[in-house]
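Asker: Structure below; questions to follow.
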Amino acid sequence: MIRFIIRRLLVTVILAFVVVTVVFLLLRLIPGDPAVAALGENATEDQLAVARQRMGLNDNIVVQYANWWGKIARFDMGDSLIDGRPVGDEIVRRLPRTFELIIAAALLALVVGLPAGLFAATRRNKLGDGIVTGFALVSLSAPLFVTGSLFVLLFGVLLKWLPTGYADPSENMGKHLLSLIMPVAALSLLLSASLIRQTRANMLEVLGQDYVRTARSKGLAQPVILRRHVLKNGLIPVAASFGIQLAALLGGTVVTEAIFNWPGISSLLVTAISRRDYTTIQGLILVIALIVLIINFLTELVYAYLNPRIRYQ
Amino acid sequence: MPTSTLELGTSSQVEPVAAKRSNVRWLNPRLVLGLLLVIPLLLIGFIGPLLNLGDPLATDPLNSLSPIGVNGHLLGTDQNGRDLLVRMIVGLRTSLIVTVLSVAIGGSVGTAGGLMAGFYRGWVEQVIMRIVDVFLVFPAILVAIAVISFVGGSLPNLILVISLLIAPVFARVIHASTLVEVQRDFVEAARAVGDTNRRIIITHIFPNVTTPLFIELALMLGQVVLIEASLSFLGLGVPPPEPTLGNMVSTARGYMFNAPLMLVWPSILLAALVMGFNLTVDGLRDALDPRTNSAKK
């Protein structure tokens, strides 16, 4: 296990190195002068000079690359091109709000997805199965921005049951929790749907195994078989895909935060993109990519713990 | 299978087993329903814009935000009085062009890579599959957002970036299937009679990996529709005033009080398109994948 952890850690570090480099190169992908792209054709030469300075475009590319690493090492991601404030501070301020969304959505999806998938598997091809798998299919098919927008339209605008924006928890905790409902529900839909499908498919596969038939033939009760034989074996692949889905959830927050005016890091990304605030975009992409790497690393550890075969590959 | 909007699913569970033709259940309800959704939408998207329905950009300020059926606007108009139905059909075409071309390019590149990696093994496999691994670490939508926000969202950029992002998914699936096929006797036989490597790959291995390939293609079509739509929604798609389903939803959010239906129409169309592709995938799996088949009996 130790060797496995070290190997995965090494891979993660290499990937992190690649990420930092690619994010550095992104700015150089902009066609033409990045400073002009950021400020528009009407910017004065002084403004452009300031922008070039902030984006670190003045030196030769090798020096820039070295400086970039130096800044990363100091957790300095530069200043925003728009308001001049440090990008890192803004990200740190907003990060907890994004994590709040992700964690709540992941928990909700687990609470909904696992039992529903199990339920569908034990009632295969009956009405209950049909309803659950139908729900999963519809949730998977409607784009997040569509379901989110329709939620706002229905519960926020037409019925006026729920607030459509963010409420600060330090001011009004009750309102904050209310404002959490819609974004979390929308964000968790996809994850619950894929958990349902995954759980159902794996359970069905395990239910067809010989050892389940053996357990049945020696007279074990259905709940005992489910708990002792089916759940344990059937949930391993679900756990693996859940980790991958967590990373996907981070992608989902981009749309979710935009729709529900949630002031996390992902809505900052959307704002930064629309204002062409390239230093902020760079910092955000870096942070998001590193979070994905950490999630993946932890997922692999959990998976290896659950499934010993993986460790020896 | 993970088929969320925001990351690409790999159908790693699909195994290349040559299905006996007689056992293939083409007439399963999900495949039929899926194709009933997809085929008409494909026809509308590709043929509709050719029928001279009107200009999707033509504004009519006197009839802005008009409801259904007023002044010949079948589904009403948007805030500039542009016909919603015409815009939806043209937007559908944009979605389909991006989707079909990206999946075609990404699918070809990925399949070629997967075949080569699985056939030649050694350093070829190492290089190709390590690149694949790196790509698949990150949710496709995040990478797409990252790259497009720097290079800009134009039709060619979108197609290029999305193809690049989905090619690794195909490479991984085809690689896994190729590893199995390479071991089979007919490959040995082909080698014995002196077939070149290229010929073996094209005439002996490729035909045997088409089942997972088709399933993956259908899966990716749905995924790419979602990616393109999400990018448009975030303002990273084909730039306005050109209509796309994503930017129509995005615009409609500003007029929810006055014209809620403006939000509903493109939403329904998008959901129907993706659901059609998803049903088709499920149906194809039911028909071609013996594992799910036997589980159903």
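So you can find residues: chains in the structure tokens are A, B, ... in the order shown, residues in each start at 1, and ligands are numbered from 1 in order.
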Please return as JSON, numbers by chain: the residues of range 96-263 of chain A that backbone DSSP assigns to helix (DSSP H, G or I).
Answerer: {"A": [96, 97, 98, 99, 100, 101, 102, 103, 104, 105, 106, 107, 108, 109, 110, 111, 112, 113, 114, 115, 116, 117, 118, 119, 120, 121, 122, 127, 128, 129, 130, 131, 132, 133, 134, 135, 136, 137, 138, 139, 140, 141, 144, 145, 146, 147, 148, 149, 150, 151, 152, 153, 154, 155, 156, 157, 158, 173, 174, 175, 176, 177, 178, 179, 180, 181, 182, 183, 184, 185, 186, 187, 188, 189, 190, 191, 192, 193, 194, 195, 196, 197, 198, 199, 200, 201, 202, 203, 204, 205, 206, 207, 210, 211, 212, 213, 214, 215, 216, 217, 222, 223, 224, 225, 226, 227, 228, 229, 230, 231, 232, 233, 234, 235, 236, 237, 238, 239, 240, 241, 242, 243, 244, 245, 246, 247, 248, 249, 250, 251, 252, 253, 254, 255, 256, 257, 258, 259]}
Asker: Find the residues around Gly118 in chain B up to 7 Å (only C-alpha atoms counted), leave out those fewer than 4 positions away in its own chain, and share them as a CSV table (one decimal) with C-alpha atoms, in the first residue's frame.
Answerer:
chain,number,residue,atom,x,y,z
B,114,GLY,CA,-6.1,3.4,-29.7
B,125,GLU,CA,1.6,2.4,-26.4
B,175,HIS,CA,-7.1,0.5,-27.0
B,178,THR,CA,-7.6,-3.9,-29.5
B,179,LEU,CA,-5.6,-5.6,-26.7
Asker: Pick out the residues sitting within 8 Å of Met262 in chain B, and hand them over as a ChimeraX atom specification; count only C-alpha atoms, and ignore anything fewer than 6 positions along from it in its own chain.
Answerer: /B:76-78,84,249,252,255-256
Asker: Using C-alpha atoms, can you export the residues from the last selection as a JSON list (two decimals), in the first residue's frame?
Answerer:
[["chain", "number", "residue", "atom", "x", "y", "z"],
["B", 76, "GLY", "CA", -43.05, 34.13, -30.49],
["B", 77, "THR", "CA", -40.05, 36.43, -30.60],
["B", 78, "ASP", "CA", -37.11, 37.45, -28.41],
["B", 84, "LEU", "CA", -37.61, 32.20, -31.82],
["B", 249, "VAL", "CA", -31.20, 30.06, -22.87],
["B", 252, "ALA", "CA", -33.84, 34.26, -22.01],
["B", 255, "TYR", "CA", -36.60, 38.07, -19.54],
["B", 256, "MET", "CA", -38.02, 35.44, -17.21]]
Asker: Find the residues near Gly148 in chain A: any atom within 8 Å, counting only C-alpha atoms, skip ones fewer than 6 places away on the same chain, and give them as a VMD selection string.
Answerer: chain A and resid 182 to 183 186 256 259 to 260
Asker: Just want the 9 Å neighbourhood of range 103-117 of chain A, counted on only C-alpha atoms, with same-chain residues fewer than 4 positions away dropped. Output as a PDB file with C-alpha atoms, in the first residue's frame.
Answerer:
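Written file, result.pdb:
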ATOM      1  CA  THR A  98     -17.774  26.629  -3.690  1.00  0.00           C
ATOM      2  CA  PHE A  99     -16.784  23.782  -1.376  1.00  0.00           C
ATOM      3  CA  ALA A 121     -31.915  -3.134  -8.856  1.00  0.00           C
ATOM      4  CA  THR A 122     -34.017  -5.193  -6.462  1.00  0.00           C
ATOM      5  CA  ASP A 129     -37.396   0.439 -11.430  1.00  0.00           C
ATOM      6  CA  VAL A 132     -36.189   5.514 -10.905  1.00  0.00           C
ATOM      7  CA  THR A 133     -34.310   4.808 -14.148  1.00  0.00           C
ATOM      8  CA  LEU A 180     -28.542  26.829  -0.749  1.00  0.00           C
ATOM      9  CA  PRO A 183     -28.172  25.329  -6.437  1.00  0.00           C
ATOM     10  CA  VAL A 184     -27.468  22.174  -4.449  1.00  0.00           C
ATOM     11  CA  ALA A 185     -30.520  20.403  -5.850  1.00  0.00           C
ATOM     12  CA  ALA A 186     -29.588  21.341  -9.418  1.00  0.00           C
ATOM     13  CA  LEU A 187     -25.931  20.443  -8.971  1.00  0.00           C
ATOM     14  CA  SER A 188     -26.678  17.103  -7.348  1.00  0.00           C
ATOM     15  CA  LEU A 189     -29.155  15.960 -10.028  1.00  0.00           C
ATOM     16  CA  LEU A 190     -26.487  14.765 -12.431  1.00  0.00           C
ATOM     17  CA  LEU A 191     -24.470  13.054  -9.757  1.00  0.00           C
ATOM     18  CA  SER A 192     -27.506  11.296  -8.273  1.00  0.00           C
ATOM     19  CA  ALA A 193     -28.550  10.182 -11.732  1.00  0.00           C
ATOM     20  CA  SER A 194     -25.199   8.651 -12.553  1.00  0.00           C
ATOM     21  CA  LEU A 195     -24.986   7.114  -9.065  1.00  0.00           C
ATOM     22  CA  ILE A 196     -28.398   5.531  -9.602  1.00  0.00           C
ATOM     23  CA  ARG A 197     -27.383   4.048 -12.930  1.00  0.00           C
ATOM     24  CA  GLN A 198     -24.005   2.894 -11.680  1.00  0.00           C
ATOM     25  CA  THR A 199     -25.368   1.367  -8.478  1.00  0.00           C
ATOM     26  CA  ARG A 200     -28.191  -0.355 -10.301  1.00  0.00           C
ATOM     27  CA  ALA A 201     -25.935  -1.807 -13.005  1.00  0.00           C
ATOM     28  CA  MET A 203     -25.927  -4.510  -8.172  1.00  0.00           C
ATOM     29  CA  PHE A 242     -17.973   8.768  -7.401  1.00  0.00           C
ATOM     30  CA  LEU A 246     -16.696  14.774  -7.698  1.00  0.00           C
ATOM     31  CA  LEU A 249     -19.017  18.430  -9.960  1.00  0.00           C
TER      32      LEU A 249
END
Asker: Using only C-alpha atoms, which of A:Pro96, A:Val36, A:Lys126, A:Leu118 sits nearest Pro169 in chain A?
Answerer: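 Of the candidates, the smallest distance to Pro169 in chain A is held by A:Pro96.
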